[in-house]
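J.: One structure, as structure tokens, below. Some questions next.
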Amino acid sequence: MSEKKGPIKEIRDKIFKIWNQYPNWGKIPQFLELLEKGLDKELFVDPNKNEKPIPLEDLPVDEVLRKSGFFRNLYERFFPVSHVFRMTFRYQREFLDNFMPLSSEDYIGRGSYKFVYKLPWNQVVKIGKSKLPSDVIFGSLYKEVGRDLSRFLKPEEIELRDFLKKQTFRDSKKDEIDFKFKRLGLERLHYWKLKSLIPDLVVPTRFFMGLRVRKNPFGIPNITLTPCDQQPLLAGKHLKEFTIRNEKLDQNPILDKLFPKWKLNFDSHRFGVISKSKLKKIAVDFNRVIEVTKYLAEEEKLIFDIHAENIIITLPDFELKIFDFHVFDDYLYEPSLENPTPEMDHIKIIEEFIKSFELD
């Protein structure tokens, strides 16, 4: 004989039944859920659709990236990158997917922390350079990642890390694997610091553990595990492209000869013909970046390390976008003679650019 339910118990059972149908109700979104949200759509590429490549002349020009040194170009020629895989953990072992074919012609150049390659579609893949743990990028945020790695890595990435560590007996190799996975989490945290504050201005970026394949002159592959990220390729101009170097800063004679420094003056007329309303929109967005820079410095003691090559004005939409930035502890920066606090060095550059708009 079944037990008769009272009206309160019946209502409670109905609520539980509905609740269990939607297990995400009431659940606080986790860091990675928020970070990955929308990326499948924003970075989706249809392999059956021939995407028209962005003309080279419409791509942002960054002399530091576009013109690599003789020895680096020689190295890329004799030890070309063949392809990159995204690496994860499935079927109780390492699993490779998202094949990205590359060639020496795809090499755009290098930044401080990454090598940049153009993909056959309108995206780039950025491959992490080998860095020592003593680098200034590995400050308090790196320690934060290390305290709870499960917040910053997907479960399959942690399983991959554990699997790879079991494949080696050398403690130094285990430490190296640990370091690379923590760096992957750190890149995500740096990205999230800005993405959560100014989401519409940050270029969509997916971070993943990659497997890079180079070939030596004999065709033998050299495989490296390294953090990577993937971004859309945008048509537009870097902030650096509006710079006029017409005022050299005085240093000592040796520095003037070997490492000359210039005052950054800007000429926004290099936009071409552009309406004042669009200039005002760019100026407003730049002021948002300034407010975020101040907030991070004052509230979190972090320096948003933004430079002219990390900012792009897209064409033909004339929208401000930022990418490839990092966030450093403020005690790692020495204030310049002109500015009392280190974040002002970055803010002043942006303010000078806004002044060149000649708005009321």
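Simple scheme: letters A, B, ... for chains in structure tokens order, numbers from 1 for residues in each chain, numbers from 1 for ligands in the order shown.
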Run DSSP on the backbone of this structure and report the residues of segment 123-306 of chain A it assigns to alpha helix (DSSP H), as a short mmCIF file (atom, residue, chain, number, x, y, z; two decimals) with N, CA, C and O atoms, in the first residue's frame.

T.:
```cif
data_model
loop_
_atom_site.label_atom_id
_atom_site.label_comp_id
_atom_site.auth_asym_id
_atom_site.auth_seq_id
_atom_site.Cartn_x
_atom_site.Cartn_y
_atom_site.Cartn_z
N SER A 140 51.97 37.86 -8.70
CA SER A 140 50.93 37.45 -7.75
C SER A 140 49.79 36.70 -8.43
O SER A 140 49.19 35.80 -7.83
N LEU A 141 49.46 37.05 -9.69
CA LEU A 141 48.38 36.35 -10.38
C LEU A 141 48.76 34.91 -10.70
O LEU A 141 47.91 34.02 -10.70
N TYR A 142 50.03 34.69 -10.98
CA TYR A 142 50.52 33.32 -11.22
C TYR A 142 50.36 32.48 -9.95
O TYR A 142 49.96 31.31 -10.00
N LYS A 143 50.64 33.10 -8.80
CA LYS A 143 50.46 32.40 -7.52
C LYS A 143 48.98 32.11 -7.27
O LYS A 143 48.62 31.05 -6.74
N GLU A 144 48.13 33.05 -7.67
CA GLU A 144 46.69 32.85 -7.53
C GLU A 144 46.22 31.66 -8.35
O GLU A 144 45.41 30.85 -7.89
N VAL A 145 46.73 31.55 -9.56
CA VAL A 145 46.38 30.41 -10.41
C VAL A 145 46.86 29.10 -9.77
O VAL A 145 46.12 28.11 -9.74
N GLY A 146 48.07 29.11 -9.24
CA GLY A 146 48.64 27.89 -8.65
C GLY A 146 47.90 27.42 -7.42
O GLY A 146 47.89 26.22 -7.11
N ARG A 147 47.24 28.35 -6.70
CA ARG A 147 46.52 27.97 -5.48
C ARG A 147 45.27 27.15 -5.77
O ARG A 147 44.85 26.34 -4.96
N PRO A 155 38.56 20.37 -16.71
CA PRO A 155 38.88 19.05 -16.12
C PRO A 155 39.76 18.19 -17.03
O PRO A 155 40.69 17.53 -16.57
N GLU A 156 39.48 18.22 -18.36
CA GLU A 156 40.29 17.40 -19.27
C GLU A 156 41.71 17.93 -19.38
O GLU A 156 42.64 17.16 -19.69
N GLU A 157 41.91 19.25 -19.15
CA GLU A 157 43.27 19.79 -19.18
C GLU A 157 44.06 19.37 -17.95
O GLU A 157 45.26 19.09 -18.04
N ILE A 158 43.40 19.31 -16.80
CA ILE A 158 44.07 18.83 -15.60
C ILE A 158 44.39 17.34 -15.74
O ILE A 158 45.47 16.88 -15.34
N GLU A 159 43.46 16.58 -16.34
CA GLU A 159 43.72 15.15 -16.59
C GLU A 159 44.91 14.99 -17.55
O GLU A 159 45.74 14.08 -17.36
N LEU A 160 44.99 15.85 -18.57
CA LEU A 160 46.11 15.80 -19.50
C LEU A 160 47.42 16.09 -18.78
O LEU A 160 48.43 15.39 -18.99
N ARG A 161 47.43 17.12 -17.93
CA ARG A 161 48.64 17.44 -17.18
C ARG A 161 49.10 16.26 -16.34
O ARG A 161 50.28 15.88 -16.35
N ASP A 162 48.16 15.64 -15.61
CA ASP A 162 48.50 14.50 -14.75
C ASP A 162 49.01 13.32 -15.58
O ASP A 162 49.95 12.64 -15.19
N PHE A 163 48.38 13.11 -16.74
CA PHE A 163 48.79 12.01 -17.62
C PHE A 163 50.21 12.24 -18.13
O PHE A 163 51.04 11.32 -18.14
N LEU A 164 50.50 13.46 -18.59
CA LEU A 164 51.83 13.76 -19.13
C LEU A 164 52.91 13.64 -18.05
O LEU A 164 54.03 13.20 -18.33
N LYS A 165 52.58 14.04 -16.83
CA LYS A 165 53.55 13.93 -15.74
C LYS A 165 53.87 12.47 -15.42
O LYS A 165 54.99 12.14 -15.04
N LYS A 166 52.88 11.60 -15.59
CA LYS A 166 53.11 10.17 -15.33
C LYS A 166 53.99 9.53 -16.40
O LYS A 166 54.57 8.47 -16.17
N ASP A 171 61.98 14.71 -12.35
CA ASP A 171 61.28 15.75 -11.60
C ASP A 171 61.31 17.09 -12.33
O ASP A 171 60.34 17.85 -12.28
N SER A 172 62.44 17.38 -12.99
CA SER A 172 62.55 18.65 -13.71
C SER A 172 61.53 18.72 -14.85
O SER A 172 60.96 19.79 -15.13
N LYS A 173 61.29 17.60 -15.50
CA LYS A 173 60.31 17.55 -16.59
C LYS A 173 58.89 17.69 -16.04
O LYS A 173 58.05 18.37 -16.64
N LYS A 174 58.63 17.08 -14.90
CA LYS A 174 57.31 17.22 -14.26
C LYS A 174 57.06 18.69 -13.89
O LYS A 174 55.95 19.20 -14.09
N ASP A 175 58.10 19.35 -13.36
CA ASP A 175 57.96 20.76 -13.00
C ASP A 175 57.71 21.62 -14.23
O ASP A 175 56.93 22.58 -14.18
N GLU A 176 58.37 21.27 -15.34
CA GLU A 176 58.19 22.02 -16.59
C GLU A 176 56.76 21.89 -17.09
O GLU A 176 56.15 22.87 -17.55
N ILE A 177 56.21 20.68 -17.02
CA ILE A 177 54.82 20.45 -17.45
C ILE A 177 53.87 21.24 -16.57
O ILE A 177 52.94 21.90 -17.05
N ASP A 178 54.09 21.19 -15.26
CA ASP A 178 53.27 21.96 -14.31
C ASP A 178 53.30 23.44 -14.65
O ASP A 178 52.25 24.12 -14.67
N PHE A 179 54.50 23.95 -14.91
CA PHE A 179 54.70 25.36 -15.20
C PHE A 179 53.92 25.79 -16.44
O PHE A 179 53.27 26.84 -16.47
N LYS A 180 53.92 24.96 -17.47
CA LYS A 180 53.24 25.31 -18.72
C LYS A 180 51.72 25.35 -18.54
O LYS A 180 51.04 26.21 -19.11
N PHE A 181 51.19 24.43 -17.75
CA PHE A 181 49.75 24.43 -17.53
C PHE A 181 49.33 25.60 -16.65
O PHE A 181 48.26 26.17 -16.84
N LYS A 182 50.17 25.96 -15.68
CA LYS A 182 49.87 27.14 -14.86
C LYS A 182 49.92 28.41 -15.72
O LYS A 182 49.13 29.33 -15.54
N ARG A 183 50.86 28.45 -16.65
CA ARG A 183 50.96 29.61 -17.54
C ARG A 183 49.71 29.72 -18.41
O ARG A 183 49.22 30.83 -18.67
N LEU A 184 49.17 28.59 -18.86
CA LEU A 184 47.92 28.60 -19.62
C LEU A 184 46.80 29.23 -18.79
O LEU A 184 46.05 30.09 -19.26
N GLY A 185 46.70 28.82 -17.51
CA GLY A 185 45.71 29.41 -16.63
C GLY A 185 45.94 30.89 -16.40
O GLY A 185 45.00 31.69 -16.33
N LEU A 186 47.22 31.30 -16.32
CA LEU A 186 47.57 32.70 -16.12
C LEU A 186 47.13 33.55 -17.31
O LEU A 186 46.61 34.66 -17.14
N GLU A 187 47.35 33.06 -18.52
CA GLU A 187 46.94 33.80 -19.72
C GLU A 187 45.43 34.03 -19.69
O GLU A 187 44.95 35.12 -20.04
N ARG A 188 44.69 33.02 -19.28
CA ARG A 188 43.24 33.17 -19.19
C ARG A 188 42.86 34.21 -18.14
O ARG A 188 41.93 35.01 -18.35
N LEU A 189 43.55 34.23 -17.02
CA LEU A 189 43.24 35.17 -15.96
C LEU A 189 43.54 36.60 -16.40
O LEU A 189 42.75 37.52 -16.15
N HIS A 190 44.67 36.83 -17.07
CA HIS A 190 45.00 38.15 -17.58
C HIS A 190 43.90 38.64 -18.54
O HIS A 190 43.45 39.78 -18.47
N TYR A 191 43.50 37.74 -19.43
CA TYR A 191 42.46 38.06 -20.42
C TYR A 191 41.16 38.40 -19.71
O TYR A 191 40.49 39.39 -20.04
N TRP A 192 40.80 37.63 -18.68
CA TRP A 192 39.54 37.83 -17.99
C TRP A 192 39.51 39.15 -17.22
O TRP A 192 38.46 39.76 -17.08
N LYS A 193 40.65 39.58 -16.71
CA LYS A 193 40.71 40.84 -15.97
C LYS A 193 40.14 41.99 -16.80
O LYS A 193 39.48 42.88 -16.29
N LEU A 194 40.43 41.99 -18.09
CA LEU A 194 39.94 43.05 -18.97
C LEU A 194 38.60 42.70 -19.60
O LEU A 194 37.72 43.55 -19.74
N LYS A 195 38.44 41.43 -19.96
CA LYS A 195 37.21 41.00 -20.63
C LYS A 195 35.99 41.21 -19.73
O LYS A 195 34.90 41.52 -20.21
N PRO A 253 74.76 60.34 -24.77
CA PRO A 253 75.16 60.09 -26.17
C PRO A 253 75.12 58.62 -26.57
O PRO A 253 74.79 58.30 -27.72
N ILE A 254 75.47 57.72 -25.65
CA ILE A 254 75.47 56.28 -25.99
C ILE A 254 74.05 55.78 -26.23
O ILE A 254 73.76 55.11 -27.23
N LEU A 255 73.12 56.10 -25.31
CA LEU A 255 71.73 55.67 -25.46
C LEU A 255 71.08 56.31 -26.68
O LEU A 255 70.27 55.68 -27.37
N ASP A 256 71.44 57.58 -26.94
CA ASP A 256 70.89 58.25 -28.12
C ASP A 256 71.28 57.52 -29.41
O ASP A 256 70.49 57.48 -30.36
N LYS A 257 72.48 56.96 -29.41
CA LYS A 257 72.96 56.28 -30.60
C LYS A 257 72.40 54.86 -30.72
O LYS A 257 71.94 54.45 -31.79
N LEU A 258 72.41 54.12 -29.60
CA LEU A 258 72.02 52.71 -29.64
C LEU A 258 70.51 52.50 -29.43
O LEU A 258 69.90 51.65 -30.08
N LYS A 276 32.98 63.15 -37.26
CA LYS A 276 33.30 63.53 -35.89
C LYS A 276 32.60 62.60 -34.90
O LYS A 276 33.13 62.35 -33.81
N SER A 277 31.42 62.09 -35.25
CA SER A 277 30.70 61.19 -34.35
C SER A 277 31.49 59.90 -34.11
O SER A 277 31.50 59.37 -32.99
N LYS A 278 32.16 59.40 -35.14
CA LYS A 278 32.98 58.18 -34.98
C LYS A 278 34.21 58.48 -34.12
O LYS A 278 34.62 57.65 -33.30
N LEU A 279 34.80 59.66 -34.32
CA LEU A 279 35.94 60.04 -33.49
C LEU A 279 35.53 60.16 -32.02
O LEU A 279 36.27 59.74 -31.12
N LYS A 280 34.34 60.68 -31.79
CA LYS A 280 33.85 60.81 -30.42
C LYS A 280 33.63 59.44 -29.79
O LYS A 280 33.94 59.22 -28.62
N LYS A 281 33.12 58.48 -30.59
CA LYS A 281 32.90 57.12 -30.09
C LYS A 281 34.24 56.48 -29.71
O LYS A 281 34.38 55.85 -28.65
N ILE A 282 35.26 56.66 -30.55
CA ILE A 282 36.59 56.13 -30.25
C ILE A 282 37.15 56.78 -28.98
O ILE A 282 37.72 56.11 -28.12
N ALA A 283 36.95 58.10 -28.87
CA ALA A 283 37.45 58.82 -27.69
C ALA A 283 36.76 58.32 -26.41
O ALA A 283 37.42 58.16 -25.37
N VAL A 284 35.47 58.07 -26.48
CA VAL A 284 34.73 57.55 -25.32
C VAL A 284 35.28 56.18 -24.92
O VAL A 284 35.50 55.90 -23.74
N ASP A 285 35.50 55.32 -25.91
CA ASP A 285 36.03 53.98 -25.62
C ASP A 285 37.44 54.05 -25.03
O ASP A 285 37.78 53.28 -24.13
N PHE A 286 38.24 54.97 -25.54
CA PHE A 286 39.58 55.14 -24.97
C PHE A 286 39.51 55.60 -23.51
O PHE A 286 40.30 55.18 -22.68
N ASN A 287 38.55 56.46 -23.22
CA ASN A 287 38.38 56.90 -21.83
C ASN A 287 37.93 55.75 -20.93
O ASN A 287 38.27 55.71 -19.75
N ARG A 288 37.18 54.82 -21.49
CA ARG A 288 36.81 53.61 -20.73
C ARG A 288 38.06 52.80 -20.41
O ARG A 288 38.21 52.26 -19.31
N VAL A 289 38.96 52.70 -21.38
CA VAL A 289 40.23 51.98 -21.15
C VAL A 289 41.03 52.67 -20.05
O VAL A 289 41.63 52.02 -19.19
N ILE A 290 41.04 54.01 -20.07
CA ILE A 290 41.75 54.77 -19.04
C ILE A 290 41.16 54.49 -17.65
O ILE A 290 41.90 54.27 -16.68
N GLU A 291 39.83 54.47 -17.56
CA GLU A 291 39.18 54.21 -16.27
C GLU A 291 39.50 52.81 -15.76
O GLU A 291 39.71 52.60 -14.56
N VAL A 292 39.53 51.84 -16.66
CA VAL A 292 39.89 50.46 -16.27
C VAL A 292 41.33 50.41 -15.80
O VAL A 292 41.66 49.74 -14.81
N THR A 293 42.22 51.11 -16.50
CA THR A 293 43.63 51.15 -16.11
C THR A 293 43.78 51.74 -14.71
O THR A 293 44.54 51.21 -13.88
N LYS A 294 43.05 52.82 -14.44
CA LYS A 294 43.10 53.43 -13.10
C LYS A 294 42.53 52.49 -12.04
O LYS A 294 43.07 52.36 -10.94
N TYR A 295 41.43 51.84 -12.38
CA TYR A 295 40.78 50.93 -11.41
C TYR A 295 41.72 49.79 -11.02
O TYR A 295 41.88 49.49 -9.83
N LEU A 296 42.35 49.16 -12.01
CA LEU A 296 43.24 48.04 -11.72
C LEU A 296 44.44 48.50 -10.88
O LEU A 296 44.88 47.79 -9.97
N ALA A 297 44.95 49.70 -11.17
CA ALA A 297 46.10 50.21 -10.42
C ALA A 297 45.73 50.57 -8.99
O ALA A 297 46.46 50.23 -8.05
N GLU A 298 44.58 51.22 -8.82
CA GLU A 298 44.21 51.71 -7.48
C GLU A 298 43.60 50.62 -6.61
O GLU A 298 43.88 50.55 -5.41
N GLU A 299 42.75 49.77 -7.19
CA GLU A 299 42.02 48.78 -6.41
C GLU A 299 42.74 47.45 -6.30
O GLU A 299 42.62 46.76 -5.29
#
```

J.: Hey, what does DSSP flag as strand (DSSP E or B) within segment 58-98 of chain A? Can you give it to me as a PyMOL selection string?

T.: chain A and resi 81-90+93-98

J.: Excluding segment 322-329 of chain A and any residue of its chain fewer than 6 positions from it, enumerate the residues within 6 Å of it, using only C-alpha atoms, and give them as a VMD selection string.

T.: chain A and resid 190 202 to 203 302 to 306 310 to 311

J.: Give me a file of those residues, with all heavy atoms, as an mmCIF file, in the first residue's frame.

T.:
```cif
data_model
loop_
_atom_site.group_PDB
_atom_site.id
_atom_site.type_symbol
_atom_site.label_atom_id
_atom_site.label_comp_id
_atom_site.auth_asym_id
_atom_site.auth_seq_id
_atom_site.Cartn_x
_atom_site.Cartn_y
_atom_site.Cartn_z
ATOM 1 N N HIS A 190 44.669 36.826 -17.066
ATOM 2 C CA HIS A 190 44.997 38.153 -17.583
ATOM 3 C C HIS A 190 43.904 38.640 -18.539
ATOM 4 O O HIS A 190 43.448 39.785 -18.466
ATOM 5 C CB HIS A 190 46.338 38.119 -18.320
ATOM 6 C CG HIS A 190 47.508 38.128 -17.393
ATOM 7 N ND1 HIS A 190 48.769 38.509 -17.795
ATOM 8 C CD2 HIS A 190 47.633 37.806 -16.092
ATOM 9 C CE1 HIS A 190 49.616 38.422 -16.770
ATOM 10 N NE2 HIS A 190 48.939 37.986 -15.738
ATOM 11 N N VAL A 202 37.512 43.958 -26.094
ATOM 12 C CA VAL A 202 38.557 42.933 -26.079
ATOM 13 C C VAL A 202 38.318 41.937 -27.211
ATOM 14 O O VAL A 202 37.215 41.403 -27.355
ATOM 15 C CB VAL A 202 38.582 42.200 -24.724
ATOM 16 C CG1 VAL A 202 39.594 41.065 -24.735
ATOM 17 C CG2 VAL A 202 38.903 43.179 -23.600
ATOM 18 N N VAL A 203 39.341 41.694 -28.030
ATOM 19 C CA VAL A 203 39.228 40.764 -29.154
ATOM 20 C C VAL A 203 38.986 39.350 -28.619
ATOM 21 O O VAL A 203 39.714 38.883 -27.734
ATOM 22 C CB VAL A 203 40.513 40.793 -30.012
ATOM 23 C CG1 VAL A 203 40.467 39.727 -31.102
ATOM 24 C CG2 VAL A 203 40.700 42.172 -30.639
ATOM 25 N N LEU A 302 47.533 46.502 -9.818
ATOM 26 C CA LEU A 302 47.974 45.847 -11.044
ATOM 27 C C LEU A 302 48.115 46.882 -12.153
ATOM 28 O O LEU A 302 47.321 47.820 -12.244
ATOM 29 C CB LEU A 302 46.968 44.775 -11.478
ATOM 30 C CG LEU A 302 46.770 43.588 -10.534
ATOM 31 C CD1 LEU A 302 45.580 42.745 -11.002
ATOM 32 C CD2 LEU A 302 48.029 42.739 -10.444
ATOM 33 N N ILE A 303 49.125 46.706 -12.996
ATOM 34 C CA ILE A 303 49.350 47.597 -14.129
ATOM 35 C C ILE A 303 48.887 46.908 -15.405
ATOM 36 O O ILE A 303 49.392 45.847 -15.772
ATOM 37 C CB ILE A 303 50.841 47.980 -14.256
ATOM 38 C CG1 ILE A 303 51.323 48.648 -12.972
ATOM 39 C CG2 ILE A 303 51.046 48.905 -15.452
ATOM 40 C CD1 ILE A 303 50.563 49.900 -12.583
ATOM 41 N N PHE A 304 47.895 47.519 -16.048
ATOM 42 C CA PHE A 304 47.421 47.052 -17.352
ATOM 43 C C PHE A 304 48.449 47.502 -18.373
ATOM 44 O O PHE A 304 48.535 48.675 -18.717
ATOM 45 C CB PHE A 304 46.034 47.644 -17.603
ATOM 46 C CG PHE A 304 45.489 47.398 -18.981
ATOM 47 C CD1 PHE A 304 45.834 46.279 -19.710
ATOM 48 C CD2 PHE A 304 44.592 48.294 -19.553
ATOM 49 C CE1 PHE A 304 45.324 46.055 -20.981
ATOM 50 C CE2 PHE A 304 44.077 48.088 -20.812
ATOM 51 C CZ PHE A 304 44.447 46.964 -21.528
ATOM 52 N N ASP A 305 49.256 46.554 -18.837
ATOM 53 C CA ASP A 305 50.417 46.862 -19.669
ATOM 54 C C ASP A 305 49.997 46.972 -21.136
ATOM 55 O O ASP A 305 50.203 46.063 -21.930
ATOM 56 C CB ASP A 305 51.475 45.770 -19.488
ATOM 57 C CG ASP A 305 52.800 46.157 -20.117
ATOM 58 O OD1 ASP A 305 53.301 47.242 -19.805
ATOM 59 O OD2 ASP A 305 53.325 45.369 -20.921
ATOM 60 N N ILE A 306 49.389 48.100 -21.459
ATOM 61 C CA ILE A 306 48.902 48.289 -22.827
ATOM 62 C C ILE A 306 49.846 49.211 -23.583
ATOM 63 O O ILE A 306 50.307 50.225 -23.058
ATOM 64 C CB ILE A 306 47.461 48.838 -22.827
ATOM 65 C CG1 ILE A 306 46.883 48.799 -24.240
ATOM 66 C CG2 ILE A 306 47.387 50.215 -22.213
ATOM 67 C CD1 ILE A 306 45.390 49.009 -24.288
ATOM 68 N N ASN A 310 49.158 47.039 -29.027
ATOM 69 C CA ASN A 310 48.066 46.215 -28.492
ATOM 70 C C ASN A 310 46.695 46.827 -28.758
ATOM 71 O O ASN A 310 45.682 46.296 -28.298
ATOM 72 C CB ASN A 310 48.218 46.024 -26.977
ATOM 73 C CG ASN A 310 49.552 45.413 -26.595
ATOM 74 O OD1 ASN A 310 50.290 45.975 -25.808
ATOM 75 N ND2 ASN A 310 49.869 44.277 -27.172
ATOM 76 N N ILE A 311 46.665 47.929 -29.489
ATOM 77 C CA ILE A 311 45.415 48.641 -29.750
ATOM 78 C C ILE A 311 45.213 48.733 -31.258
ATOM 79 O O ILE A 311 46.136 49.056 -31.997
ATOM 80 C CB ILE A 311 45.454 50.068 -29.164
ATOM 81 C CG1 ILE A 311 45.700 50.010 -27.650
ATOM 82 C CG2 ILE A 311 44.169 50.819 -29.465
ATOM 83 C CD1 ILE A 311 45.938 51.371 -27.015
#
```

J.: Using atom CA of Ile350 of chain A and atom CA of Pro232 of chain A as the two end points, give the distance in Å to one decimal.

T.: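 So the answer is 24.1 Å.
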
J.: If you measure from atom CA of Leu153 of chain A to atom CA of Val136 of chain A, what distance in Å do you get, rounded to one decimal?

T.: 21.9 Å

J.: Which is closest to His307 of chain A among A:Ser150, A:Lys355, A:His346, A:Ile108, if we use only C-alpha atoms?

T.: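 Nearest to His307 of chain A: A:His346.
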
J.: In Å, with one decimal, what is the gap from atom CA of Leu132 of chain A to atom CA of Met209 of chain A?

T.: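 About the pair atom CA of Leu132 of chain A and atom CA of Met209 of chain A: they are 17.8 Å apart.
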
J.: Which residues, written as a ChimeraX atom specification, have at least one atom at most 12 Å from Asp97 of chain A, with only C-alpha atoms counted and residues fewer than 4 positions away on the same chain left out?

T.: /A:83-90,208-211

J.: If we count only C-alpha atoms and set the cut-off at 12 Å, which residues sit around segment 39-50 of chain A, ignoring sequence neighbours fewer than 4 positions away in its own chain? Please answer as a PyMOL selection string.

T.: chain A and resi 32-35+98-100+119-125+203-207+229-233
